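Worksheet: the structure to be examined is printed underneath.
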Amino acid sequence: MTTLTSEALTTVTDVKELLGITGSSKDNLIVRNINMATKMILSYCGVSSFRSTAYTEYYDGLGGDHLVLRNKPIIALTSLSYRNQWGNNDSWTALDAELYYIDFNAGLLKTLTPLLGNYDSWKVVYTAGYATLPEDLVEACARLAANLTSNGIAGQNIKTKREGQRQVEYFDSGTNRSLIESLGLDDILEPYADVAISGLN
């Protein structure tokens with residue numbers, strides 16, 4: 001029996017409710033599709049997790065005054081540090097907290113000093129994510145998993161297929177993005193899908 005991953009964004013109960021299923025014969029398939037839908041949404045949004053997680057990340061110094069972190073919202077920022085020796089030395093100096101502002105919801109750091117340096121010149125230690133997953137994110141995953149359970153993912157580039165009296169309509173391509181957009185879930189997921197850019201924005 002397959003089990004839900006720790007990152008699963010919805011529950012078997014929610015998916016079964018959407019599908020009108022009361023028995024347990026399809027539980028294993030639903031669990032697999034929840035795990036798949038979760039991976040697709042994480043990939044679409046460009047994040048590794050939506051749950052509260054501690055991160056240590058490195059960013060290039062591009063000379064700007066903005067740093068958009070790879071995960072949001074920020075729950076707590078432990079430190080923002082810059083490399084204080086030339087080369088790939090693990091030696092860092094913490095930037096004084098008075099020299100930057102934090103937009104917790106946007107996952108954005110705005111500094112009063114330029115983000116100078118080069119490759120991996122800045123290190124950020126922080127915690128981001130949600131203690132409780134937002135309802136719209138849970139619903140998007142439930143709808144995607146329900147669709148995968150009903151239609152599968154094979155043959156998504158076929159527009160229609162008729163089997164006797166049964167006609168199945170597929171989507172324009174099999175990519176995660178087109179499936180998510182075809183289901184109208186992109187509007188829900190877009191606020192969670194910002195791209196991280198270090199330095200200039």
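In the structure tokens, chains take the letters A, B, ... in the order shown, each chain's residues start at 1, and ligands count up from 1 in the order shown.
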Skip A:Asn28 itself and residues of its chain fewer than 6 positions away, then list as a list in words all residues within 9 Å of it, counting only C-alpha atoms.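 Answer for this query is Met1, Thr2 and Thr3 of chain A.
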Mind checking DSSP for stretch 61-138 of chain A and telling me the helix (DSSP H, G or I) residues as a list in words? Ala97, Glu98, Leu99, Glu135, Asp136, Leu137 and Val138 of chain A
Using DSSP secondary structure from the backbone, list all strand (DSSP E or B) positions within stretch 1-142 of chain A, as a ChimeraX atom specification. /A:51,53-59,66-68,74-83,92-94,100-103,108-111,122-128,130
Please dump the current selection as a short mmCIF file (atom, residue, chain, number, x, y, z; two decimals), in the first residue's frame; keep C-alpha atoms.
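Okay, result.cif is ready:
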```
data_model
loop_
_atom_site.label_atom_id
_atom_site.label_comp_id
_atom_site.auth_asym_id
_atom_site.auth_seq_id
_atom_site.Cartn_x
_atom_site.Cartn_y
_atom_site.Cartn_z
CA ARG A 51 5.29 23.21 4.83
CA THR A 53 10.90 24.11 6.74
CA ALA A 54 14.35 25.43 7.70
CA TYR A 55 16.58 26.46 4.79
CA THR A 56 20.19 27.48 4.27
CA GLU A 57 20.54 29.02 0.79
CA TYR A 58 23.30 30.73 -1.16
CA TYR A 59 22.87 33.61 -3.62
CA HIS A 66 16.77 43.02 -3.41
CA LEU A 67 16.96 39.36 -2.58
CA VAL A 68 13.92 37.20 -3.40
CA ILE A 74 9.18 33.73 5.56
CA ILE A 75 8.36 32.59 9.09
CA ALA A 76 11.67 33.63 10.65
CA LEU A 77 14.98 34.92 9.34
CA THR A 78 17.95 33.60 11.34
CA SER A 79 20.73 35.40 9.46
CA LEU A 80 21.77 37.14 6.27
CA SER A 81 25.55 36.84 5.83
CA TYR A 82 28.18 37.68 3.22
CA ARG A 83 31.37 35.78 2.43
CA TRP A 92 30.84 34.57 6.79
CA THR A 93 29.96 37.87 8.43
CA ALA A 94 26.35 38.51 9.41
CA TYR A 100 17.77 45.21 5.65
CA TYR A 101 14.00 44.96 5.68
CA ILE A 102 11.93 41.77 5.39
CA ASP A 103 8.68 41.33 3.48
CA LEU A 108 11.73 39.41 -0.04
CA LEU A 109 14.78 41.01 1.58
CA LYS A 110 15.52 44.64 0.73
CA THR A 111 18.97 45.78 1.79
CA TRP A 122 25.46 35.62 0.26
CA LYS A 123 24.07 33.07 2.69
CA VAL A 124 20.54 33.18 4.08
CA VAL A 125 19.38 30.98 6.96
CA TYR A 126 15.63 31.10 7.45
CA THR A 127 12.40 29.21 7.99
CA ALA A 128 9.60 29.45 5.44
CA TYR A 130 2.96 27.33 6.29
#
```
Would you mind listing what lies within 10 Å of A:Leu29 as a PDB file with N, CA and C atoms, in the first residue's frame, with only C-alpha atoms counted and same-chain residues fewer than 6 positions away left out?
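File around05.pdb, as written:
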```pdb
ATOM      1  N   MET A   1       0.853  -1.197   0.000  1.00  0.00           N
ATOM      2  CA  MET A   1       0.000   0.000   0.000  1.00  0.00           C
ATOM      3  C   MET A   1       0.884   1.242   0.000  1.00  0.00           C
ATOM      4  N   THR A   2       0.679   2.100  -0.979  1.00  0.00           N
ATOM      5  CA  THR A   2       1.415   3.356  -1.044  1.00  0.00           C
ATOM      6  C   THR A   2       0.957   4.276   0.077  1.00  0.00           C
ATOM      7  N   VAL A  12      -6.890  11.919   1.129  1.00  0.00           N
ATOM      8  CA  VAL A  12      -7.681  10.940   0.383  1.00  0.00           C
ATOM      9  C   VAL A  12      -9.170  11.258   0.510  1.00  0.00           C
ATOM     10  N   ASN A  35       0.208  12.079  -4.417  1.00  0.00           N
ATOM     11  CA  ASN A  35       1.663  12.275  -4.417  1.00  0.00           C
ATOM     12  C   ASN A  35       2.125  12.863  -5.743  1.00  0.00           C
ATOM     13  N   ALA A 145      -5.501  15.888  -8.274  1.00  0.00           N
ATOM     14  CA  ALA A 145      -5.436  14.459  -7.978  1.00  0.00           C
ATOM     15  C   ALA A 145      -6.706  13.748  -8.435  1.00  0.00           C
ATOM     16  N   LEU A 148      -6.439  13.314 -12.179  1.00  0.00           N
ATOM     17  CA  LEU A 148      -5.506  12.239 -12.506  1.00  0.00           C
ATOM     18  C   LEU A 148      -6.145  10.872 -12.264  1.00  0.00           C
ATOM     19  N   THR A 149      -6.937  10.767 -11.203  1.00  0.00           N
ATOM     20  CA  THR A 149      -7.598   9.507 -10.891  1.00  0.00           C
ATOM     21  C   THR A 149      -8.651   9.171 -11.940  1.00  0.00           C
TER      22      THR A 149
END
```
Could you tell me how far atom CA of A:Gly63 lies from atom CA of A:Asn88, in Å and to one decimal? 19.0 Å
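Across A:Asn118, A:Asp96, A:Thr22, A:Glu7, the tightest approach to A:Met40 is made by A:Glu7 when counting only C-alpha atoms.
We find atom CA of A:Ile21 and atom CA of A:Asp186 to be spaced 26.0 Å apart.
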If you count only C-alpha atoms, the residue of A:Ala146, A:Leu69, A:Ala193, A:Leu42 closest to A:Thr13 turns out to be A:Ala146
Distance of atom CA of A:Asn71 from atom CA of A:Asp14, expressed in Å to one decimal place: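 Value for the atom CA of A:Asp14-atom CA of A:Asn71 distance: 26.1 Å.
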From the options A:Cys45, A:Phe50, A:Ala131, A:Gly152, which residue's atoms come nearest to A:Ile188, counting only C-alpha atoms?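 Smallest separation from A:Ile188 among the options: A:Cys45.
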